[in-house]
Structure formats: structure tokens, C-alpha cells
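S.K.: Provided below: input_17.txt, containing compact mmCIF, C-alpha atoms.
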# COMPACT_ATOMS: atom_id res chain seq x y z
CA GLY A 1 0.00 0.00 0.00
CA GLN A 2 0.84 3.66 0.01
CA ASN A 3 1.30 6.26 2.73
CA ILE A 4 0.70 9.76 1.38
CA ASP A 5 0.96 12.88 3.51
CA GLN A 6 0.01 16.43 2.67
CA PRO A 7 -0.98 19.41 4.84
CA THR A 8 -4.65 19.70 5.73
CA GLU A 9 -5.10 23.41 5.09
CA MET A 10 -3.29 26.43 3.67
CA THR A 11 -4.31 30.06 3.32
CA ALA A 12 -2.84 32.61 0.95
CA THR A 13 -3.57 36.03 -0.48
CA GLU A 14 -4.80 36.71 -4.01
CA GLY A 15 -1.83 37.20 -6.33
CA ALA A 16 0.57 35.31 -4.06
CA ILE A 17 2.30 31.93 -4.48
CA VAL A 18 1.49 28.80 -2.52
CA GLN A 19 3.44 25.53 -2.40
CA ILE A 20 1.66 22.33 -1.38
CA ASN A 21 4.00 19.54 -0.32
CA CYS A 22 3.32 15.83 -0.62
CA THR A 23 5.44 13.02 0.76
CA TYR A 24 4.83 9.38 0.01
CA GLN A 25 6.04 5.89 0.78
CA THR A 26 5.32 3.28 -1.82
CA SER A 27 6.14 -0.34 -2.59
CA GLY A 28 6.27 0.51 -6.28
CA PHE A 29 6.09 3.79 -8.18
CA ASN A 30 4.50 4.47 -11.55
CA GLY A 31 3.86 8.19 -11.44
CA LEU A 32 2.41 10.95 -9.29
CA PHE A 33 -0.68 12.99 -10.09
CA TRP A 34 -2.15 16.21 -8.73
CA TYR A 35 -5.89 16.83 -8.89
CA GLN A 36 -7.99 19.87 -8.04
CA GLN A 37 -11.38 19.45 -6.39
CA HIS A 38 -13.80 22.30 -5.77
CA ALA A 39 -16.31 21.81 -2.96
CA GLY A 40 -19.16 19.54 -4.03
CA GLU A 41 -17.55 18.71 -7.37
CA ALA A 42 -15.50 15.94 -8.92
CA PRO A 43 -11.68 15.97 -8.94
CA THR A 44 -10.09 17.28 -12.13
CA PHE A 45 -6.59 16.48 -13.38
CA LEU A 46 -3.85 19.10 -12.96
CA SER A 47 -0.47 17.47 -13.51
CA TYR A 48 1.53 14.27 -13.86
CA ASN A 49 5.15 13.54 -12.92
CA VAL A 50 6.96 10.28 -13.48
CA LEU A 51 10.57 11.52 -13.80
CA ASP A 52 12.44 13.77 -11.39
CA GLY A 53 12.14 17.48 -12.01
CA LEU A 54 9.70 20.25 -12.62
CA GLU A 55 6.68 20.20 -14.92
CA GLU A 56 5.18 23.59 -15.69
CA LYS A 57 1.67 24.24 -16.93
CA GLY A 58 0.74 27.90 -16.94
CA ARG A 59 0.26 29.11 -13.37
CA PHE A 60 0.67 25.59 -11.97
CA SER A 61 3.93 23.66 -11.64
CA SER A 62 4.63 20.28 -10.09
CA PHE A 63 7.95 18.89 -8.89
CA LEU A 64 9.01 15.32 -8.16
CA SER A 65 11.96 13.75 -6.37
CA ARG A 66 11.62 9.97 -6.47
CA SER A 67 14.63 9.34 -4.22
CA LYS A 68 13.10 11.51 -1.49
CA GLY A 69 9.50 10.37 -2.02
CA TYR A 70 8.54 14.01 -2.36
CA SER A 71 6.48 16.21 -4.64
CA TYR A 72 5.10 19.71 -4.51
CA LEU A 73 2.47 21.63 -6.41
CA LEU A 74 3.20 25.31 -6.91
CA LEU A 75 0.33 27.69 -7.59
CA LYS A 76 1.40 31.13 -8.82
CA GLU A 77 -0.55 34.38 -9.19
CA LEU A 78 -3.31 33.01 -7.02
CA GLN A 79 -6.88 33.79 -7.99
CA MET A 80 -10.06 33.46 -5.93
CA LYS A 81 -11.15 30.56 -8.14
CA ASP A 82 -8.08 28.60 -6.98
CA SER A 83 -9.78 28.08 -3.60
CA ALA A 84 -10.22 24.31 -3.63
CA SER A 85 -8.80 21.04 -2.34
CA TYR A 86 -5.65 19.74 -4.00
CA LEU A 87 -5.15 15.99 -4.02
CA CYS A 88 -1.80 14.23 -4.35
CA ALA A 89 -2.09 10.71 -5.80
CA VAL A 90 0.57 8.04 -6.33
CA ARG A 91 0.23 5.22 -8.86
CA ASP A 92 1.69 1.94 -7.69
CA ARG A 93 3.29 -1.00 -9.49
CA ASP A 94 -0.19 -2.40 -10.24
CA TYR A 95 -1.23 0.95 -11.78
CA LYS A 96 -3.72 1.73 -9.02
CA LEU A 97 -3.96 5.25 -7.61
CA SER A 98 -3.74 6.01 -3.90
CA PHE A 99 -4.78 9.47 -2.81
CA GLY A 100 -3.71 11.70 0.02
CA ALA A 101 -6.45 13.25 2.15
CA GLY A 102 -6.10 16.55 0.27
CA THR A 103 -5.01 20.09 1.08
CA THR A 104 -7.71 22.75 1.29
CA VAL A 105 -6.39 26.06 -0.06
CA THR A 106 -8.27 29.23 0.81
CA VAL A 107 -7.44 32.34 -1.22
CA ARG A 108 -8.22 35.63 0.51
CA ALA A 109 -8.67 38.99 -1.18
CA ILE B 1 -19.76 14.76 -25.16
CA ALA B 2 -21.00 13.75 -21.72
CA GLY B 3 -17.83 12.07 -20.41
CA ILE B 4 -18.86 10.13 -17.35
CA THR B 5 -22.34 10.11 -15.91
CA GLN B 6 -23.44 8.71 -12.58
CA ALA B 7 -26.89 7.99 -11.21
CA PRO B 8 -28.48 8.74 -8.89
CA THR B 9 -27.07 12.13 -7.86
CA SER B 10 -28.00 11.43 -4.26
CA GLN B 11 -29.88 8.77 -2.36
CA ILE B 12 -31.07 8.09 1.16
CA LEU B 13 -31.23 4.37 1.85
CA ALA B 14 -32.44 2.26 4.74
CA ALA B 15 -29.88 -0.11 6.24
CA GLY B 16 -30.17 -3.61 4.86
CA ARG B 17 -31.45 -2.52 1.47
CA ARG B 18 -29.73 -3.39 -1.80
CA MET B 19 -28.57 -0.50 -3.98
CA THR B 20 -26.85 -0.20 -7.36
CA LEU B 21 -24.97 2.93 -8.32
CA ARG B 22 -24.74 3.39 -12.05
CA CYS B 23 -21.76 4.69 -14.03
CA THR B 24 -21.53 5.14 -17.79
CA GLN B 25 -18.73 6.64 -19.89
CA ASP B 26 -18.77 7.51 -23.59
CA MET B 27 -15.02 7.96 -24.10
CA ARG B 28 -14.36 4.29 -24.93
CA HIS B 29 -11.92 4.11 -22.05
CA ASN B 30 -10.62 0.67 -21.16
CA ALA B 31 -10.18 1.17 -17.43
CA MET B 32 -12.83 2.16 -14.90
CA TYR B 33 -12.76 2.68 -11.14
CA TRP B 34 -15.00 3.20 -8.14
CA TYR B 35 -13.88 5.36 -5.20
CA ARG B 36 -15.48 6.51 -2.01
CA GLN B 37 -14.59 9.86 -0.48
CA ASP B 38 -14.95 10.48 3.25
CA LEU B 39 -13.97 13.60 5.16
CA GLY B 40 -10.37 13.43 6.30
CA LEU B 41 -9.66 10.17 4.48
CA GLY B 42 -9.50 11.22 0.88
CA LEU B 43 -10.47 9.03 -2.04
CA ARG B 44 -10.19 5.29 -1.48
CA LEU B 45 -10.40 2.72 -4.27
CA ILE B 46 -13.23 0.19 -3.91
CA HIS B 47 -13.04 -1.84 -7.13
CA TYR B 48 -11.54 -1.39 -10.55
CA SER B 49 -11.69 -2.85 -14.03
CA ASN B 50 -8.71 -2.71 -16.40
CA THR B 51 -10.81 -3.80 -19.37
CA ALA B 52 -14.29 -5.09 -20.15
CA GLY B 53 -14.86 -8.51 -18.64
CA THR B 54 -12.33 -8.12 -15.83
CA THR B 55 -12.58 -6.65 -12.34
CA GLY B 56 -10.31 -6.36 -9.32
CA LYS B 57 -10.46 -5.40 -5.66
CA GLY B 58 -9.15 -2.10 -4.38
CA GLU B 59 -8.36 -0.91 -0.88
CA VAL B 60 -11.90 -1.13 0.60
CA PRO B 61 -13.90 -3.77 -1.36
CA ASP B 62 -15.89 -5.39 1.47
CA GLY B 63 -19.66 -4.98 1.12
CA TYR B 64 -19.42 -3.94 -2.55
CA SER B 65 -19.50 -5.78 -5.85
CA VAL B 66 -19.02 -4.68 -9.46
CA SER B 67 -19.45 -6.05 -12.96
CA ARG B 68 -18.07 -4.95 -16.33
CA ALA B 69 -20.17 -6.54 -19.04
CA ASN B 70 -19.20 -3.94 -21.65
CA THR B 71 -16.79 -1.02 -22.14
CA ASP B 72 -19.21 1.75 -21.20
CA ASP B 73 -20.90 0.61 -17.98
CA PHE B 74 -19.48 -0.15 -14.54
CA PRO B 75 -22.22 -0.50 -11.89
CA LEU B 76 -21.42 -0.72 -8.18
CA THR B 77 -23.76 -2.77 -5.97
CA LEU B 78 -24.20 -2.65 -2.22
CA ALA B 79 -25.80 -5.99 -1.39
CA SER B 80 -27.00 -4.99 2.09
CA ALA B 81 -26.24 -1.38 2.94
CA VAL B 82 -24.81 -0.40 6.34
CA PRO B 83 -24.45 3.10 7.86
CA SER B 84 -20.65 3.00 7.44
CA GLN B 85 -21.23 3.02 3.69
CA THR B 86 -22.54 6.58 3.93
CA SER B 87 -20.16 8.45 1.64
CA VAL B 88 -19.72 10.23 -1.67
CA TYR B 89 -19.03 7.72 -4.44
CA PHE B 90 -17.05 8.68 -7.53
CA CYS B 91 -16.71 6.65 -10.68
CA ALA B 92 -13.66 7.32 -12.86
CA SER B 93 -12.19 6.11 -16.13
CA SER B 94 -8.89 6.24 -17.99
CA GLU B 95 -7.89 5.27 -21.51
CA THR B 96 -5.52 2.64 -20.15
CA THR B 97 -3.91 1.94 -16.79
CA GLY B 98 -0.37 3.15 -17.44
CA GLY B 99 1.56 6.01 -18.98
CA TYR B 100 0.33 9.57 -19.14
CA ASN B 101 -3.27 8.54 -18.63
CA GLU B 102 -5.11 10.60 -16.10
CA GLN B 103 -8.37 9.43 -14.61
CA PHE B 104 -11.53 11.35 -15.46
CA PHE B 105 -14.12 11.50 -12.69
CA GLY B 106 -17.89 11.49 -12.78
CA PRO B 107 -19.93 14.01 -10.78
CA GLY B 108 -20.42 11.64 -7.83
CA THR B 109 -23.29 10.04 -5.94
CA ARG B 110 -23.97 11.16 -2.38
CA LEU B 111 -25.28 8.15 -0.46
CA THR B 112 -26.72 8.24 3.04
CA VAL B 113 -27.50 4.95 4.80
CA LEU B 114 -29.76 5.25 7.82
Take the structure I supplied and represent it as C-alpha cells, if you would.
M.R.:
Amino acid sequence: GQNIDQPTEMTATEGAIVQINCTYQTSGFNGLFWYQQHAGEAPTFLSYNVLDGLEEKGRFSSFLSRSKGYSYLLLKELQMKDSASYLCAVRDRDYKLSFGAGTTVTVRA
Amino acid sequence: IAGITQAPTSQILAAGRRMTLRCTQDMRHNAMYWYRQDLGLGLRLIHYSNTAGTTGKGEVPDGYSVSRANTDDFPLTLASAVPSQTSVYFCASSETTGGYNEQFFGPGTRLTVL
């Protein structure tokens, strides 16, 4: 199985940058995903990392270090609509996803 | 294009009753999944299907069963509902299981078992 840890809550100001950390322990690794989930809605895909390094997609970037079992999601130029939960998910050797409990980000004006 | 649909949107169910949650996708994805989401626990995999005709158990399969008779449909059945099965249930699909294949999620079913 997987053990995935991420902070429960974070608060930031509109226009600022927030970094959400995720650490994991896994018996096999086949990629790490970040999802965004607004309250009462379904998760939607944000990013995928399978090799070490940074993946950038507009205002969102995701970083992976496989040797450290560590990833972060960086949200830049925060907007009010970025208030949501952000889910870190690790895919194991059997290609099944295990999710962290999620980090609720609140963006304040 | 609808993507993934789930029915019902919400349901209140008496304990001991049988219930089937429906999930249909129109993306011709091979793999489909059922998750439950509970506060503080995140999404947990119940059952999955890598391709039509095959199914497998996830992290929390007890009390649930699935079938995959065709590519599009993946129903989840609670044979005899218990209050601990109160949760939000999400169905998801992906083109295949590996590679750069993210999972697409349905809108969810909110189930309350009394």
C-alpha cells in the first residue's frame, strides 16, 4: 500500500504563491498525479510527474523527487477561483492510484 | 460529449437494502474505477476494471461488488447497505492503466444509509 501525507489546510492572499508539499512511501512507483477538487464537485486532473524534475503548466507547476519520495504543487498568481482542495495521488506497481487526504487552499482577497 | 455520468445524484437508503450505483462513460476508455470519499480520508479505491470482462479489488472492497459486461458501464452494488457506507461515491475512467493517462471523474453520488 501507500502512505501519502500532505498538509490539511493552507491560506494565501490573491496574487501570491502557494506551495503544497506531498510526501509518500510506496512499494512501487509508476507516477504521481495532482488533482484539483472544488467543494461539491469531482476531482479534475492538474499534472503528472513520473521523472524527477519540474513540470510547468501555466500558473501551476509540479515537482518530483523519487529518491526523497517528495512532490510539490506550486500555484502562482493566485486567484479566488483557486480556492479548492488539491489531491496528491501516487500510482503503484499495479497501476492503481492512492490518494492523500487533500489540502484545502483558501485564497483571501 | 457527456464524459462520465453517474446515477443517482443522491440517495437516502435504509440499512439492509440493496442499492446499485450506475456509471456510464462515452469515451471508450478501457479502465474504470469506483472510489469513495470520506472527510479526512480522501479518495479510497473500492473496485476497478482494467478492461471489459475483468474486475479487481481495491483498498476497501468489502460490502461492494461490481461487474463490467461492456466497455461503457461499470455498476457498483451494495448488497446490504450499512451506515458506514454513507459516503460520496465517484466513478472514474482512464484510456488505459499506465503512462500519461489521467483518470476522469464522474460528478459523484452522495449516499446516506440510515
S.K.: Mind giving me the straight-line distance from CA of Gly102 in chain A to CA of Ser87 in chain B in Å, one decimal?
M.R.: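 The value is 16.3 Å.
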S.K.: As a list in words, please: the residues near range 6-11 of chain A (cut-off 7 Å, all atoms listed in the file, same-chain neighbours under 6 positions excluded).
M.R.: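 Near neighbours after the sequence-gap exclusion: Asn21, Cys22, Thr23, Gly100, Gly102, Thr103, Thr104, Val105, Thr106 and Val107 of chain A.
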S.K.: Counting all atoms listed in the file, which residues of range 1-103 of chain A fall within 9 Å of range 93-111 of chain B, and what is the closest atom pair for each with its distance in Å at one decimal, ordered by chain and rising number, as a tab-separated table?
M.R.:
residue	atom	partner	partner_atom	distance
A:Asn30	CA	B:Gly98	CA	7.8
A:Gly31	CA	B:Gly99	CA	8.2
A:Phe33	CA	B:Glu102	CA	7.8
A:Gly40	CA	B:Pro107	CA	8.8
A:Glu41	CA	B:Pro107	CA	6.3
A:Ala42	CA	B:Pro107	CA	5.2
A:Pro43	CA	B:Phe105	CA	6.3
A:Thr44	CA	B:Phe104	CA	7.0
A:Phe45	CA	B:Glu102	CA	6.6
A:Ser47	CA	B:Glu102	CA	8.7
A:Tyr48	CA	B:Tyr100	CA	7.2
A:Asn49	CA	B:Tyr100	CA	8.8
A:Val50	CA	B:Tyr100	CA	8.7
A:Arg91	CA	B:Gly98	CA	8.8
A:Asp94	CA	B:Thr97	CA	8.7
A:Tyr95	CA	B:Thr97	CA	5.8
A:Lys96	CA	B:Thr97	CA	7.8
S.K.: A:Leu46, A:Ile17, A:Ile4, A:Leu64: which is nearest Tyr86 in chain A, counting all atoms listed in the file?
M.R.: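 Of the candidates, the smallest distance to Tyr86 in chain A is held by A:Leu46.
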S.K.: Between CA of Arg22 in chain B and CA of Ile46 in chain B, what is the distance in Å, rounded to a tenth?
M.R.: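 One can read the CA of Arg22 in chain B to CA of Ile46 in chain B distance as 14.5 Å.
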S.K.: Fewer than 5 positions away in the same chain doesn't count, so skip those; otherwise give me all residues within 6 Å of Tyr48 in chain B, counting all atoms listed in the file, as number ranges by chain.
M.R.: B: 32-33, 55-56
S.K.: Please list, as a list in words, the residues that have an atom at most 9 Å away from (-25.2, -6.1, 3.5) in the coordinates of this file, counting all atoms listed in the file.
M.R.: Ala15, Gly16, Arg17, Arg18, Gly63, Tyr64, Leu78, Ala79, Ser80, Ala81 and Val82 of chain B
S.K.: Can you write just those residues out, C-alpha atoms, as an mmCIF file, in the frame of the given file?
M.R.:
data_model
loop_
_atom_site.group_PDB
_atom_site.id
_atom_site.type_symbol
_atom_site.label_atom_id
_atom_site.label_comp_id
_atom_site.auth_asym_id
_atom_site.auth_seq_id
_atom_site.Cartn_x
_atom_site.Cartn_y
_atom_site.Cartn_z
ATOM 1 C CA ALA B 15 -29.880 -0.110 6.240
ATOM 2 C CA GLY B 16 -30.170 -3.610 4.860
ATOM 3 C CA ARG B 17 -31.450 -2.520 1.470
ATOM 4 C CA ARG B 18 -29.730 -3.390 -1.800
ATOM 5 C CA GLY B 63 -19.660 -4.980 1.120
ATOM 6 C CA TYR B 64 -19.420 -3.940 -2.550
ATOM 7 C CA LEU B 78 -24.200 -2.650 -2.220
ATOM 8 C CA ALA B 79 -25.800 -5.990 -1.390
ATOM 9 C CA SER B 80 -27.000 -4.990 2.090
ATOM 10 C CA ALA B 81 -26.240 -1.380 2.940
ATOM 11 C CA VAL B 82 -24.810 -0.400 6.340
#
S.K.: Model the absent atoms of range 36-61 of chain A so that N, CA and C atoms are present, and write the result as a compact mmCIF listing (two decimals), in the frame of the given file.
M.R.:
# COMPACT_ATOMS: atom_id res chain seq x y z
N GLN A 36 -7.30 18.77 -8.70
CA GLN A 36 -7.99 19.87 -8.04
C GLN A 36 -9.45 19.47 -7.83
N GLN A 37 -9.98 19.78 -6.65
CA GLN A 37 -11.38 19.45 -6.39
C GLN A 37 -12.06 20.62 -5.69
N HIS A 38 -12.99 21.27 -6.39
CA HIS A 38 -13.80 22.30 -5.77
C HIS A 38 -14.89 21.64 -4.94
N ALA A 39 -15.33 22.35 -3.90
CA ALA A 39 -16.31 21.81 -2.96
C ALA A 39 -17.56 21.33 -3.70
N GLY A 40 -17.96 20.09 -3.43
CA GLY A 40 -19.16 19.54 -4.03
C GLY A 40 -19.00 19.08 -5.47
N GLU A 41 -17.77 19.10 -5.98
CA GLU A 41 -17.55 18.71 -7.37
C GLU A 41 -16.59 17.53 -7.47
N ALA A 42 -16.41 17.05 -8.67
CA ALA A 42 -15.50 15.94 -8.92
C ALA A 42 -14.06 16.44 -9.03
N PRO A 43 -13.08 15.60 -8.70
CA PRO A 43 -11.68 15.97 -8.94
C PRO A 43 -11.40 16.14 -10.43
N THR A 44 -10.53 17.10 -10.75
CA THR A 44 -10.09 17.28 -12.13
C THR A 44 -8.57 17.27 -12.18
N PHE A 45 -8.03 16.69 -13.22
CA PHE A 45 -6.59 16.48 -13.38
C PHE A 45 -5.85 17.80 -13.54
N LEU A 46 -4.71 17.92 -12.82
CA LEU A 46 -3.85 19.10 -12.96
C LEU A 46 -2.51 18.76 -13.59
N SER A 47 -1.83 17.72 -13.03
CA SER A 47 -0.47 17.47 -13.51
C SER A 47 -0.06 16.03 -13.25
N TYR A 48 1.00 15.63 -13.95
CA TYR A 48 1.53 14.27 -13.86
C TYR A 48 3.05 14.34 -13.89
N ASN A 49 3.69 13.65 -12.94
CA ASN A 49 5.15 13.54 -12.92
C ASN A 49 5.53 12.08 -12.80
N VAL A 50 6.45 11.63 -13.62
CA VAL A 50 6.96 10.28 -13.48
C VAL A 50 8.49 10.29 -13.38
N LEU A 51 9.13 11.33 -13.92
CA LEU A 51 10.57 11.52 -13.80
C LEU A 51 10.86 12.69 -12.87
N ASP A 52 12.06 12.69 -12.29
CA ASP A 52 12.44 13.77 -11.39
C ASP A 52 12.46 15.09 -12.13
N GLY A 53 12.06 16.15 -11.42
CA GLY A 53 12.14 17.48 -12.01
C GLY A 53 10.82 18.21 -11.95
N LEU A 54 10.82 19.33 -12.66
CA LEU A 54 9.70 20.25 -12.62
C LEU A 54 8.90 20.19 -13.92
N GLU A 55 7.59 20.11 -13.78
CA GLU A 55 6.68 20.20 -14.92
C GLU A 55 5.86 21.48 -14.76
N GLU A 56 5.88 22.32 -15.78
CA GLU A 56 5.18 23.59 -15.69
C GLU A 56 4.02 23.64 -16.65
N LYS A 57 2.88 24.13 -16.11
CA LYS A 57 1.67 24.24 -16.93
C LYS A 57 0.99 25.55 -16.55
N GLY A 58 1.36 26.62 -17.24
CA GLY A 58 0.74 27.90 -16.94
C GLY A 58 1.06 28.35 -15.52
N ARG A 59 0.04 28.63 -14.73
CA ARG A 59 0.26 29.11 -13.37
C ARG A 59 0.60 27.99 -12.41
N PHE A 60 0.42 26.75 -12.84
CA PHE A 60 0.67 25.59 -11.97
C PHE A 60 1.95 24.87 -12.39
N SER A 61 2.74 24.46 -11.40
CA SER A 61 3.93 23.66 -11.64
C SER A 61 3.94 22.52 -10.64
